[in-house]
>>> print(open('start-v1.tsv').read())   # TSV, C-alpha atoms and all ligand atoms
chain	number	residue	atom	x	y	z
A	9	MET	CA	0.00	0.00	0.00
A	10	THR	CA	2.94	2.32	0.49
A	11	ARG	CA	3.57	4.07	-2.76
A	12	ARG	CA	4.98	7.22	-1.30
A	13	VAL	CA	8.67	7.68	-0.64
A	14	PHE	CA	10.34	10.76	0.68
A	15	GLY	CA	11.01	13.28	-2.05
A	16	ARG	CA	14.58	13.67	-3.14
A	17	ALA	CA	16.07	16.87	-1.78
A	18	PHE	CA	15.64	19.47	-4.48
A	19	LEU	CA	18.03	22.30	-3.94
A	20	VAL	CA	16.91	25.67	-5.10
A	21	SER	CA	19.46	28.39	-5.21
A	22	LEU	CA	17.47	31.06	-6.97
A	23	LEU	CA	16.07	32.69	-3.86
A	24	LEU	CA	19.23	32.27	-1.89
A	25	LEU	CA	21.43	34.99	-3.30
A	26	GLY	CA	24.81	35.48	-1.78
A	27	ALA	CA	24.85	38.97	-0.26
A	28	ALA	CA	25.16	39.06	3.51
A	29	GLY	CA	22.17	40.84	5.00
A	30	ALA	CA	22.39	44.10	6.95
A	31	ALA	CA	20.90	44.06	10.43
A	32	SER	CA	17.76	45.88	9.37
A	33	TYR	CA	15.93	47.10	6.27
A	34	THR	CA	13.54	50.03	5.81
A	35	VAL	CA	10.61	49.25	3.53
A	36	LYS	CA	10.42	51.32	0.33
A	37	ALA	CA	7.49	51.81	-2.05
A	38	GLY	CA	6.98	48.73	-4.19
A	39	ASP	CA	8.66	46.33	-1.79
A	40	THR	CA	7.02	43.05	-0.95
A	41	LEU	CA	8.05	40.70	1.81
A	42	TYR	CA	9.14	38.36	-0.92
A	43	SER	CA	11.33	40.93	-2.67
A	44	VAL	CA	12.91	42.04	0.62
A	45	ALA	CA	13.65	38.41	1.47
A	46	ARG	CA	15.13	37.75	-1.93
A	47	THR	CA	17.37	40.80	-2.06
A	48	ASN	CA	18.62	40.12	1.46
A	49	GLY	CA	19.38	36.47	0.99
A	50	THR	CA	16.72	35.24	3.36
A	51	THR	CA	13.25	33.78	3.20
A	52	VAL	CA	9.77	35.09	3.83
A	53	ALA	CA	9.40	32.53	6.61
A	54	GLU	CA	12.55	33.79	8.32
A	55	LEU	CA	11.51	37.46	8.03
A	56	THR	CA	8.08	36.58	9.36
A	57	ARG	CA	9.58	34.77	12.33
A	58	LEU	CA	12.19	37.44	13.12
A	59	ASN	CA	9.69	40.29	12.91
A	60	ARG	CA	6.71	38.42	14.34
A	61	LEU	CA	4.65	39.46	11.31
A	62	GLY	CA	0.99	38.51	11.20
A	63	SER	CA	0.60	39.14	7.49
A	64	THR	CA	2.62	39.93	4.37
A	65	ALA	CA	1.36	43.53	4.27
A	66	LEU	CA	4.27	45.99	4.54
A	67	GLU	CA	4.16	49.74	5.07
A	68	VAL	CA	6.61	52.18	3.56
A	69	GLY	CA	9.05	53.17	6.29
A	70	GLN	CA	8.51	49.99	8.31
A	71	VAL	CA	11.83	48.69	9.67
A	72	LEU	CA	12.40	44.96	9.31
A	73	THR	CA	15.01	43.05	11.26
A	74	LEU	CA	17.15	40.91	8.98
A	75	PRO	CA	19.09	37.79	9.87
A	76	GLY	CA	22.44	39.52	10.51
A	77	THR	CA	24.90	36.91	9.40
A	78	SER	CA	22.85	35.02	6.88
A	79	SER	CA	25.03	34.43	3.85
A	80	GLY	CA	22.25	32.64	2.06
A	81	SER	CA	24.78	30.27	0.56
A	82	ALA	CA	23.13	27.12	1.85
A	83	PRO	CA	19.55	26.09	1.26
A	84	ALA	CA	17.30	26.13	4.27
A	85	ALA	CA	16.95	22.80	6.02
A	86	PRO	CA	13.56	21.13	5.77
A	87	VAL	CA	11.36	22.70	8.40
A	88	SER	CA	9.37	20.66	10.84
A	89	ALA	CA	6.94	21.93	13.42
A	90	PRO	CA	4.31	20.40	15.66
A	91	ALA	CA	0.90	20.09	14.05
A	92	THR	CA	-0.45	22.54	16.60
A	93	SER	CA	1.79	25.45	15.54
A	94	PRO	CA	-0.12	28.23	13.80
A	95	ILE	CA	-0.36	28.22	10.03
A	96	LEU	CA	0.32	31.66	8.66
A	97	PRO	CA	-2.78	32.75	6.78
A	98	ALA	CA	-1.17	35.35	4.58
A	99	THR	CA	0.39	35.00	1.20
A	100	THR	CA	3.67	35.91	-0.37
A	101	GLY	CA	4.38	36.56	-4.00
A	102	ALA	CA	6.47	37.15	-7.04
A	103	SER	CA	5.91	39.09	-10.22
A	104	LEU	CA	6.93	39.41	-13.82
A	105	PRO	CA	5.78	41.95	-16.43
A	106	GLY	CA	1.99	41.83	-16.56
A	107	VAL	CA	1.59	39.10	-13.96
A	108	ALA	CA	1.61	39.28	-10.16
A	109	VAL	CA	1.69	35.95	-8.35
A	110	ARG	CA	0.41	35.31	-4.85
A	111	ALA	CA	1.24	32.08	-3.04
A	112	PRO	CA	0.73	30.78	0.50
A	113	PHE	CA	3.40	31.72	3.04
A	114	SER	CA	3.97	28.15	4.10
A	115	LEU	CA	2.41	24.74	3.55
A	116	ARG	CA	2.13	21.40	5.27
A	117	MET	CA	2.71	18.11	3.56
A	118	GLY	CA	-0.58	16.97	2.05
A	119	ASP	CA	-1.96	20.47	1.58
A	120	GLY	CA	-3.86	21.46	-1.49
A	121	PHE	CA	-3.13	25.11	-2.22
A	122	THR	CA	-3.80	27.84	-4.75
A	123	LEU	CA	-1.48	30.09	-6.73
A	124	ARG	CA	-3.29	33.31	-7.60
A	125	LEU	CA	-2.26	35.25	-10.68
A	126	SER	CA	-3.40	38.76	-11.51
A	127	GLY	CA	-2.46	41.39	-14.08
A	128	MET	CA	-2.87	41.96	-17.78
A	129	ARG	CA	-1.04	38.80	-18.88
A	130	ALA	CA	-2.20	36.48	-16.09
A	131	GLY	CA	-4.58	34.64	-18.41
A	132	GLN	CA	-1.79	33.78	-20.84
A	133	ALA	CA	0.64	32.50	-18.22
A	134	SER	CA	1.77	28.91	-17.79
A	135	VAL	CA	2.58	27.43	-14.40
A	136	ARG	CA	4.72	24.44	-13.41
A	137	PHE	CA	5.90	23.05	-10.09
A	138	PRO	CA	9.47	21.95	-10.95
A	139	SER	CA	10.08	20.74	-7.36
A	140	GLU	CA	7.82	17.78	-8.23
A	141	VAL	CA	10.50	16.37	-10.54
A	142	GLY	CA	12.17	13.46	-8.75
A	143	GLU	CA	9.33	13.16	-6.24
A	144	ASP	CA	6.85	10.30	-6.20
A	145	VAL	CA	4.14	12.39	-7.85
A	146	ARG	CA	1.79	11.61	-10.69
A	147	ARG	CA	2.66	13.66	-13.80
A	148	PRO	CA	5.30	15.88	-12.13
A	149	ALA	CA	5.81	19.47	-13.31
A	150	GLU	CA	2.84	19.28	-15.66
A	151	VAL	CA	2.37	22.52	-17.60
A	152	LEU	CA	-0.80	24.08	-16.21
A	153	LYS	CA	-2.99	26.84	-17.59
A	154	PRO	CA	-4.53	29.10	-14.97
A	155	ILE	CA	-8.30	29.06	-14.49
A	156	GLY	CA	-10.09	32.40	-14.76
A	157	ALA	CA	-12.06	33.33	-11.64
A	158	ALA	CA	-13.52	36.71	-10.64
A	159	GLY	CA	-10.73	39.04	-11.70
A	160	GLU	CA	-7.86	36.65	-11.11
A	161	PHE	CA	-6.46	33.40	-12.45
A	162	LEU	CA	-5.89	30.35	-10.27
A	163	VAL	CA	-3.75	27.24	-10.38
A	164	PRO	CA	-4.35	24.48	-7.83
A	165	GLY	CA	-1.24	22.92	-6.33
A	166	ARG	CA	-0.59	19.89	-4.13
A	167	VAL	CA	2.06	18.92	-1.60
A	168	VAL	CA	2.46	15.15	-1.59
A	169	LEU	CA	2.49	13.32	1.72
A	170	GLY	CA	6.11	12.67	2.70
A	171	LYS	CA	7.42	15.88	1.16
A	172	THR	CA	9.36	18.26	3.42
A	173	THR	CA	11.40	20.24	0.88
A	174	PRO	CA	10.02	23.56	-0.41
A	175	VAL	CA	7.46	23.70	-3.18
A	176	VAL	CA	8.94	25.57	-6.14
A	177	TYR	CA	6.58	27.24	-8.57
A	178	GLU	CA	7.46	28.66	-11.95
A	179	VAL	CA	5.27	31.12	-13.83
A	180	SER	CA	6.07	32.01	-17.43
A	181	VAL	CA	4.48	34.25	-20.02
A	182	GLY	CA	5.99	35.18	-23.37
A	183	GLY	CA	9.71	34.91	-22.76
A	184	ASP	CA	9.48	35.99	-19.13
A	185	LEU	CA	9.74	33.59	-16.23
A	186	VAL	CA	9.66	33.91	-12.46
A	187	ARG	CA	10.16	31.30	-9.77
A	188	GLY	CA	9.21	31.31	-6.13
A	189	GLN	CA	9.26	28.81	-3.34
A	190	ILE	CA	7.07	27.93	-0.40
A	191	PRO	CA	8.43	26.17	2.71
A	192	VAL	CA	6.78	22.90	3.65
A	193	LEU	CA	6.21	21.71	7.22
A	194	GLY	CA	5.70	18.11	8.32
A	195	LEU	CA	2.64	16.76	10.06
A	196	ASP	CA	4.48	15.06	12.95
A	197	GLN	CA	1.83	12.45	13.60
A	198	PRO	CA	2.91	9.31	15.47
A	199	ILE	CA	2.46	6.06	13.54
A	200	GLN	CA	-0.89	4.44	14.19
A	201	HIS	CA	-0.87	0.62	14.31
A	202	LEU	CA	-4.25	-0.66	13.17
A	203	ASN	CA	-3.52	-4.41	13.58
A	204	LEU	CA	-6.47	-5.32	11.39
A	205	PRO	CA	-7.55	-8.97	11.38
A	206	VAL	CA	-6.04	-11.08	8.60
A	207	SER	CA	-9.54	-11.64	7.18
A	208	VAL	CA	-9.64	-7.90	6.48
A	209	THR	CA	-6.08	-7.38	5.22
A	210	ASN	CA	-6.47	-10.37	2.87
A	211	LYS	CA	-8.40	-7.93	0.72
A	212	LEU	CA	-5.04	-6.39	-0.17
A	213	GLN	CA	-4.21	-9.63	-2.00
A	214	ASP	CA	-7.54	-9.81	-3.84
A	215	PRO	CA	-7.03	-10.48	-7.59
A	216	ALA	CA	-9.50	-7.67	-8.37
A	217	ARG	CA	-7.03	-5.16	-6.84
A	218	ALA	CA	-5.32	-4.50	-10.19
A	219	ALA	CA	-8.63	-3.50	-11.77
A	220	GLU	CA	-9.38	-1.29	-8.76
A	221	GLU	CA	-6.08	0.56	-9.04
A	222	ALA	CA	-6.45	0.91	-12.82
A	223	ALA	CA	-9.89	2.45	-12.36
A	224	VAL	CA	-8.76	5.07	-9.87
A	225	GLU	CA	-5.60	5.90	-11.85
A	226	LYS	CA	-7.81	6.57	-14.86
A	227	ALA	CA	-9.88	8.92	-12.69
A	228	TYR	CA	-6.73	10.73	-11.50
A	229	ALA	CA	-5.60	11.32	-15.08
A	230	ARG	CA	-8.74	13.20	-16.12
A	231	ARG	CA	-8.39	16.87	-17.00
A	232	THR	CA	-11.78	18.52	-17.46
A	233	PRO	CA	-12.93	22.13	-16.97
A	234	GLN	CA	-13.87	23.32	-13.48
A	235	VAL	CA	-17.62	22.87	-12.87
A	236	TRP	CA	-18.12	24.06	-9.30
A	237	SER	CA	-18.97	27.68	-8.48
A	238	ARG	CA	-19.80	27.40	-4.77
A	239	PRO	CA	-17.63	26.50	-1.76
A	240	PHE	CA	-16.98	22.85	-0.92
A	241	ALA	CA	-19.26	21.40	1.79
A	242	PRO	CA	-18.99	18.46	4.22
A	243	ALA	CA	-19.84	14.95	3.02
A	244	LEU	CA	-21.80	14.14	6.17
A	245	ALA	CA	-24.56	16.42	7.46
A	246	SER	CA	-23.32	16.07	11.03
A	247	ALA	CA	-19.84	14.65	11.52
A	248	ARG	CA	-18.93	13.31	14.96
A	249	GLY	CA	-15.26	14.06	14.65
A	250	THR	CA	-12.74	11.90	12.86
A	251	SER	CA	-11.37	8.46	13.70
A	252	SER	CA	-8.26	8.66	11.54
A	253	GLY	CA	-6.93	11.97	10.38
A	254	PHE	CA	-5.64	12.93	6.97
A	255	GLY	CA	-1.99	12.10	6.39
A	256	GLN	CA	-1.79	9.77	9.38
A	257	PRO	CA	1.11	7.32	8.94
A	258	ARG	CA	-0.07	3.85	9.87
A	259	THR	CA	0.42	0.13	9.53
A	260	TYR	CA	-2.37	-2.32	8.78
A	261	LEU	CA	-0.67	-5.36	10.34
A	262	ALA	CA	1.79	-5.53	13.23
A	263	GLY	CA	5.25	-5.03	11.73
A	264	GLY	CA	3.79	-4.20	8.32
A	265	PRO	CA	4.87	-1.32	6.08
A	266	VAL	CA	3.90	2.27	6.94
A	267	ALA	CA	1.41	3.89	4.59
A	268	TYR	CA	0.05	7.41	4.67
A	269	HIS	CA	-3.67	7.85	5.11
A	270	TYR	CA	-4.78	9.64	1.96
A	271	GLY	CA	-8.16	10.70	3.30
A	272	THR	CA	-10.06	11.58	6.45
A	273	ASP	CA	-12.22	9.00	8.24
A	274	TYR	CA	-15.54	10.10	9.69
A	275	PRO	CA	-17.21	7.48	11.91
A	276	ALA	CA	-20.99	7.35	11.39
A	277	PRO	CA	-23.73	4.74	11.68
A	278	THR	CA	-24.40	2.50	8.68
A	279	GLY	CA	-27.06	4.14	6.54
A	280	THR	CA	-25.99	7.74	7.19
A	281	PRO	CA	-26.37	9.70	3.93
A	282	VAL	CA	-23.11	10.43	2.07
A	283	LEU	CA	-23.29	13.79	0.29
A	284	ALA	CA	-21.40	15.23	-2.67
A	285	VAL	CA	-18.89	17.84	-1.44
A	286	ASN	CA	-19.49	19.89	-4.58
A	287	ASP	CA	-20.93	19.83	-8.11
A	288	GLY	CA	-19.43	17.42	-10.60
A	289	THR	CA	-19.79	14.25	-12.63
A	290	VAL	CA	-19.75	10.75	-11.13
A	291	ILE	CA	-16.92	8.90	-12.88
A	292	ILE	CA	-16.82	5.78	-10.68
A	293	ALA	CA	-19.70	4.13	-8.80
A	294	GLY	CA	-18.95	0.51	-8.01
A	295	LYS	CA	-17.65	-2.08	-5.58
A	296	TYR	CA	-13.90	-2.70	-5.12
A	297	PRO	CA	-11.86	-4.93	-2.77
A	298	VAL	CA	-10.17	-2.18	-0.73
A	299	ARG	CA	-12.32	0.92	-1.19
A	300	GLY	CA	-15.56	-1.05	-0.96
A	301	ASN	CA	-18.58	0.64	-2.50
A	302	LEU	CA	-16.86	3.65	-4.00
A	303	VAL	CA	-18.06	6.87	-5.61
A	304	VAL	CA	-15.62	9.20	-7.37
A	305	ILE	CA	-16.73	12.64	-8.52
A	306	ASP	CA	-14.80	14.69	-11.06
A	307	HIS	CA	-15.21	18.38	-10.20
A	308	GLY	CA	-12.98	19.51	-13.05
A	309	ALA	CA	-9.68	21.42	-12.79
A	310	GLY	CA	-7.98	18.11	-11.90
A	311	VAL	CA	-9.92	17.89	-8.61
A	312	VAL	CA	-11.76	14.67	-7.67
A	313	SER	CA	-13.49	13.64	-4.46
A	314	MET	CA	-13.77	10.00	-3.36
A	315	TYR	CA	-16.19	8.32	-0.94
A	316	PHE	CA	-15.15	4.84	0.32
A	317	HIS	CA	-16.73	1.88	2.14
A	318	GLN	CA	-20.40	2.74	1.51
A	319	SER	CA	-23.14	0.21	2.32
A	320	ARG	CA	-25.05	1.15	-0.82
A	321	LEU	CA	-24.74	3.49	-3.77
A	322	LEU	CA	-27.48	5.70	-5.21
A	323	VAL	CA	-25.66	7.16	-8.23
A	324	LYS	CA	-24.26	5.81	-11.49
A	325	ALA	CA	-21.12	6.60	-13.47
A	326	GLY	CA	-21.76	9.41	-15.95
A	327	GLN	CA	-24.38	11.07	-13.78
A	328	LYS	CA	-24.07	14.77	-12.96
A	329	VAL	CA	-24.48	15.59	-9.28
A	330	VAL	CA	-24.78	18.81	-7.30
A	331	ARG	CA	-23.30	19.78	-3.97
A	332	GLY	CA	-25.16	18.12	-1.10
A	333	GLN	CA	-26.74	15.45	-3.30
A	334	LYS	CA	-27.00	12.02	-1.67
A	335	LEU	CA	-24.52	9.62	-3.29
A	336	GLY	CA	-25.08	6.59	-1.07
A	337	GLU	CA	-24.92	5.53	2.56
A	338	VAL	CA	-22.14	5.01	5.09
A	339	GLY	CA	-21.03	1.40	5.52
A	340	THR	CA	-18.00	-0.76	6.18
A	341	THR	CA	-17.40	-2.45	2.82
A	342	GLY	CA	-13.88	-3.05	1.56
A	343	LEU	CA	-10.82	-2.70	3.81
A	344	SER	CA	-12.63	-1.24	6.80
A	345	ALA	CA	-12.92	-2.17	10.46
A	346	GLY	CA	-16.25	-0.47	11.18
A	347	PRO	CA	-18.84	1.88	9.66
A	348	HIS	CA	-17.24	5.14	8.56
A	349	LEU	CA	-16.83	7.37	5.54
A	350	HIS	CA	-13.32	7.72	4.15
A	351	LEU	CA	-13.26	10.94	2.15
A	352	GLU	CA	-10.46	11.94	-0.21
A	353	VAL	CA	-9.96	15.11	-2.23
A	354	ARG	CA	-7.27	14.70	-4.86
A	355	VAL	CA	-5.55	17.29	-7.04
A	356	ARG	CA	-4.19	15.79	-10.27
A	357	GLY	CA	-4.21	12.42	-8.55
A	358	GLU	CA	-2.45	13.35	-5.32
A	359	ALA	CA	-4.28	13.29	-2.00
A	360	THR	CA	-4.82	16.68	-0.35
A	361	ASN	CA	-6.26	17.44	3.06
A	362	PRO	CA	-10.07	17.62	2.68
A	363	ALA	CA	-10.23	20.13	5.55
A	364	GLY	CA	-8.39	22.67	3.39
A	365	TRP	CA	-11.26	22.67	0.90
A	366	MET	CA	-14.26	22.82	3.23
A	367	ASN	CA	-16.32	26.02	3.12
A	368	ARG	CA	-13.99	27.42	0.47
A	369	LEU	CA	-14.07	27.72	-3.29
A	370	TRP	CA	-10.35	26.89	-3.38
A	371	PRO	CA	-7.81	26.03	-0.70
A	372	ARG	CA	-5.77	28.96	0.57
A	401	ZN	ZN	-9.61	6.04	5.80
>>> encode(input="start-v1.tsv", output="structure tokens", more="lines below")
Ligand SMILES: [Zn+2]
Amino acid sequence: MTRRVFGRAFLVSLLLLGAAGAASYTVKAGDTLYSVARTNGTTVAELTRLNRLGSTALEVGQVLTLPGTSSGSAPAAPVSAPATSPILPATTGASLPGVAVRAPFSLRMGDGFTLRLSGMRAGQASVRFPSEVGEDVRRPAEVLKPIGAAGEFLVPGRVVLGKTTPVVYEVSVGGDLVRGQIPVLGLDQPIQHLNLPVSVTNKLQDPARAAEEAAVEKAYARRTPQVWSRPFAPALASARGTSSGFGQPRTYLAGGPVAYHYGTDYPAPTGTPVLAVNDGTVIIAGKYPVRGNLVVIDHGAGVVSMYFHQSRLLVKAGQKVVRGQKLGEVGTTGLSAGPHLHLEVRVRGEATNPAGWMNRLWPR
């Protein structure tokens, strides 16, 4: 079950220019936190930490403390922090003629995220994530066209589980190109040992497994236009917490291999309605050895949601569904130890934290 391996260290020197920083810097018109970091050989994360900044907004005349002896000659070590540390809500950015790029300040492994492009040429830009090259990612560094949305253009990104090196993004238009990077924090969850009975884990050896994997890989490879226009919503009307969190490393059998949990488990009684998290088209509705009664919805823009282990299904492949529509009922079919819904939200085939999508049109 473990497909994921730790991403090869991908050293990025672009943002780590050599000049030793002065002790402080006074903000001038046109400066961004990103540009100040770049010209002083440091990172947005470091400036934020040193100056205890709550957002990326800078004021002209504001004095920023710089890391005094930072030579910037070595890439920052992978950052790790407890899961309870605050996630900075603000964004950082980069720009090139006719395109301004906004990106999250920092990410956790398994986050879905959004690059936001604005400006006259934003609609013509192409985006890639070159840090995906050499990682265990489906279709790494795919060339992506931004999606137009209310005055800006968006590109969804993904941080695979196991990744701790920065996400590098590259935006190009005409002959111009700009790169930026976003630090990635770990999840620091202890390994959970499920010790499932052999009768359950035998499903991993089921001969129908190959067909199951082929079906979901085909779903991950779809690239259709975005169809949703409202925020994502929960898949259960009233969730009673989670029994296994997203990204949880775990073993199925004592001494067995560690696999990341690609979804979030919501315990609920058998028969509880399972609801579509957003508008889309059902592309899989069927029974499989591991996922049990499975529904997969293609929302477009490379985003699919997946609903595992249902006791019965009420939709068919090819059917269009709307947010909140009943897809089936909670059950414990497939590789499952009790009634629950396992929900996944994938971006171009890679699992992202469903919580990052809930009540939002796009993840931050
Ligand atoms: Zn699960």
>>> atom_distance(input="start-v1.tsv", atom1="atom ZN of ligand ZN 401 (chain A)", atom2="atom CA of A:Asp273")
4.6 Å
>>> residues_around(input="start-v1.tsv", residues="A:Pro297", least_positions_apart="6", cutoff="12 Å", atoms="all atoms listed in the file", output="JSON, numbers by chain")
{"A": [208, 209, 210, 211, 212, 213, 214, 215, 216, 217, 218, 219, 220, 221, 316, 317, 340, 341, 342, 343, 344]}
>>> write_last_selection(input="start-v1.tsv", atoms="C-alpha atoms", output="tab-separated table (two decimals), in the coordinates of the input")
chain	number	residue	atom	x	y	z
A	208	VAL	CA	-9.64	-7.90	6.48
A	209	THR	CA	-6.08	-7.38	5.22
A	210	ASN	CA	-6.47	-10.37	2.87
A	211	LYS	CA	-8.40	-7.93	0.72
A	212	LEU	CA	-5.04	-6.39	-0.17
A	213	GLN	CA	-4.21	-9.63	-2.00
A	214	ASP	CA	-7.54	-9.81	-3.84
A	215	PRO	CA	-7.03	-10.48	-7.59
A	216	ALA	CA	-9.50	-7.67	-8.37
A	217	ARG	CA	-7.03	-5.16	-6.84
A	218	ALA	CA	-5.32	-4.50	-10.19
A	219	ALA	CA	-8.63	-3.50	-11.77
A	220	GLU	CA	-9.38	-1.29	-8.76
A	221	GLU	CA	-6.08	0.56	-9.04
A	316	PHE	CA	-15.15	4.84	0.32
A	317	HIS	CA	-16.73	1.88	2.14
A	340	THR	CA	-18.00	-0.76	6.18
A	341	THR	CA	-17.40	-2.45	2.82
A	342	GLY	CA	-13.88	-3.05	1.56
A	343	LEU	CA	-10.82	-2.70	3.81
A	344	SER	CA	-12.63	-1.24	6.80
>>> closest_residue(input="start-v1.tsv", among="A:Thr272, A:Ser126, A:Gln333, A:Asn286", to="ligand ZN 401 (chain A)", atoms="all atoms listed in the file")
A:Thr272
>>> closest_residue(input="start-v1.tsv", among="A:Gly249, A:Gly271, A:Gly188, A:Gly308", to="A:Arg231", atoms="only C-alpha atoms")
A:Gly308
>>> residues_near_ligand(input="start-v1.tsv", ligand="ligand ZN 401 (chain A)", cutoff="9 Å", atoms="only C-alpha atoms and all ligand atoms", output="ChimeraX atom specification")
/A:251-254,269-274,316,344,348-352
>>> residues_around(input="start-v1.tsv", residues="A:Asp39", least_positions_apart="3", cutoff="9 Å", atoms="only C-alpha atoms", output="VMD selection string")
chain A and resid 35 to 36 42 to 44 66 to 68
>>> atom_distance(input="start-v1.tsv", atom1="atom CA of A:Glu358", atom2="atom CA of A:Tyr228")
8.0 Å
>>> closest_residue(input="start-v1.tsv", among="A:Gly300, A:Gly288, A:Gly106, A:Pro164", to="A:Val235", atoms="all atoms listed in the file")
A:Gly288
>>> closest_residue(input="start-v1.tsv", among="A:Gly310, A:Pro257, A:Pro371, A:Gly294", to="A:Gly336", atoms="all atoms listed in the file")
A:Gly294
>>> residues_around(input="start-v1.tsv", residues="A:Ala111", least_positions_apart="4", cutoff="8 Å", atoms="all atoms listed in the file", output="list in words")
Thr99, Thr100, Gly101, Thr122, Leu123, Arg124 and Ile190 of chain A
>>> atom_distance(input="start-v1.tsv", atom1="atom CA of A:Gln318", atom2="atom CA of A:Glu337")
5.4 Å
>>> residues_around(input="start-v1.tsv", residues="A:Arg136", least_positions_apart="3", cutoff="12 Å", atoms="all atoms listed in the file", output="list in words")
Leu123, Ala133, Ser139, Glu140, Val141, Arg147, Pro148, Ala149, Glu150, Val151, Leu152, Lys153, Pro154, Val163, Pro164, Gly165, Arg166, Val175, Val176, Tyr177, Glu178, Val179, Ser180, Val181, Leu185, Val186, Arg187, Gly188 and Gln189 of chain A
>>> closest_residue(input="start-v1.tsv", among="A:Gln234, A:Gln132, A:Ala223, A:Leu125", to="A:Val303", atoms="only C-alpha atoms")
A:Ala223
>>> closest_residue(input="start-v1.tsv", among="A:Val168, A:Val206, A:Val192, A:Val298", to="A:Gly118", atoms="all atoms listed in the file")
A:Val168
>>> residues_near_point(input="start-v1.tsv", point="(10.8, 34.0, 4.3)", cutoff="10 Å", atoms="only C-alpha atoms", output="MDAnalysis selection string")
chainID A and resid 23 41:46 49:58 100 113:114 189:191
>>> residues_around(input="start-v1.tsv", residues="A:Leu283", least_positions_apart="3", cutoff="6 Å", atoms="only C-alpha atoms", output="ChimeraX atom specification")
/A:243,332-335
>>> decode(input="start-v1.tsv", residues="stretch 132-136 of chain A", atoms="all heavy atoms", output="short mmCIF file (atom, residue, chain, number, x, y, z; two decimals), in the first residue's frame")
data_model
loop_
_atom_site.label_atom_id
_atom_site.label_comp_id
_atom_site.auth_asym_id
_atom_site.auth_seq_id
_atom_site.Cartn_x
_atom_site.Cartn_y
_atom_site.Cartn_z
N GLN A 132 -2.63 34.46 -19.84
CA GLN A 132 -1.79 33.78 -20.84
C GLN A 132 -0.64 33.01 -20.20
O GLN A 132 0.15 32.37 -20.89
CB GLN A 132 -1.19 34.80 -21.82
CG GLN A 132 -2.19 35.41 -22.79
CD GLN A 132 -2.69 36.76 -22.30
OE1 GLN A 132 -1.91 37.68 -22.10
NE2 GLN A 132 -3.99 36.85 -22.07
N ALA A 133 -0.52 33.11 -18.88
CA ALA A 133 0.64 32.50 -18.22
C ALA A 133 0.54 30.98 -18.19
O ALA A 133 -0.54 30.41 -18.33
CB ALA A 133 0.75 33.04 -16.79
N SER A 134 1.69 30.35 -18.05
CA SER A 134 1.77 28.91 -17.79
C SER A 134 2.45 28.71 -16.45
O SER A 134 3.34 29.48 -16.08
CB SER A 134 2.60 28.19 -18.86
OG SER A 134 1.97 28.29 -20.11
N VAL A 135 2.02 27.69 -15.74
CA VAL A 135 2.58 27.43 -14.40
C VAL A 135 3.07 25.99 -14.35
O VAL A 135 2.43 25.08 -14.89
CB VAL A 135 1.51 27.69 -13.32
CG1 VAL A 135 2.00 27.23 -11.94
CG2 VAL A 135 1.12 29.15 -13.29
N ARG A 136 4.21 25.79 -13.69
CA ARG A 136 4.72 24.44 -13.41
C ARG A 136 5.21 24.42 -11.97
O ARG A 136 5.56 25.46 -11.42
CB ARG A 136 5.91 24.09 -14.32
CG ARG A 136 5.58 23.96 -15.80
CD ARG A 136 6.77 23.36 -16.55
NE ARG A 136 8.05 23.80 -16.00
CZ ARG A 136 9.07 22.98 -15.75
NH1 ARG A 136 8.98 21.70 -15.98
NH2 ARG A 136 10.20 23.46 -15.26
#
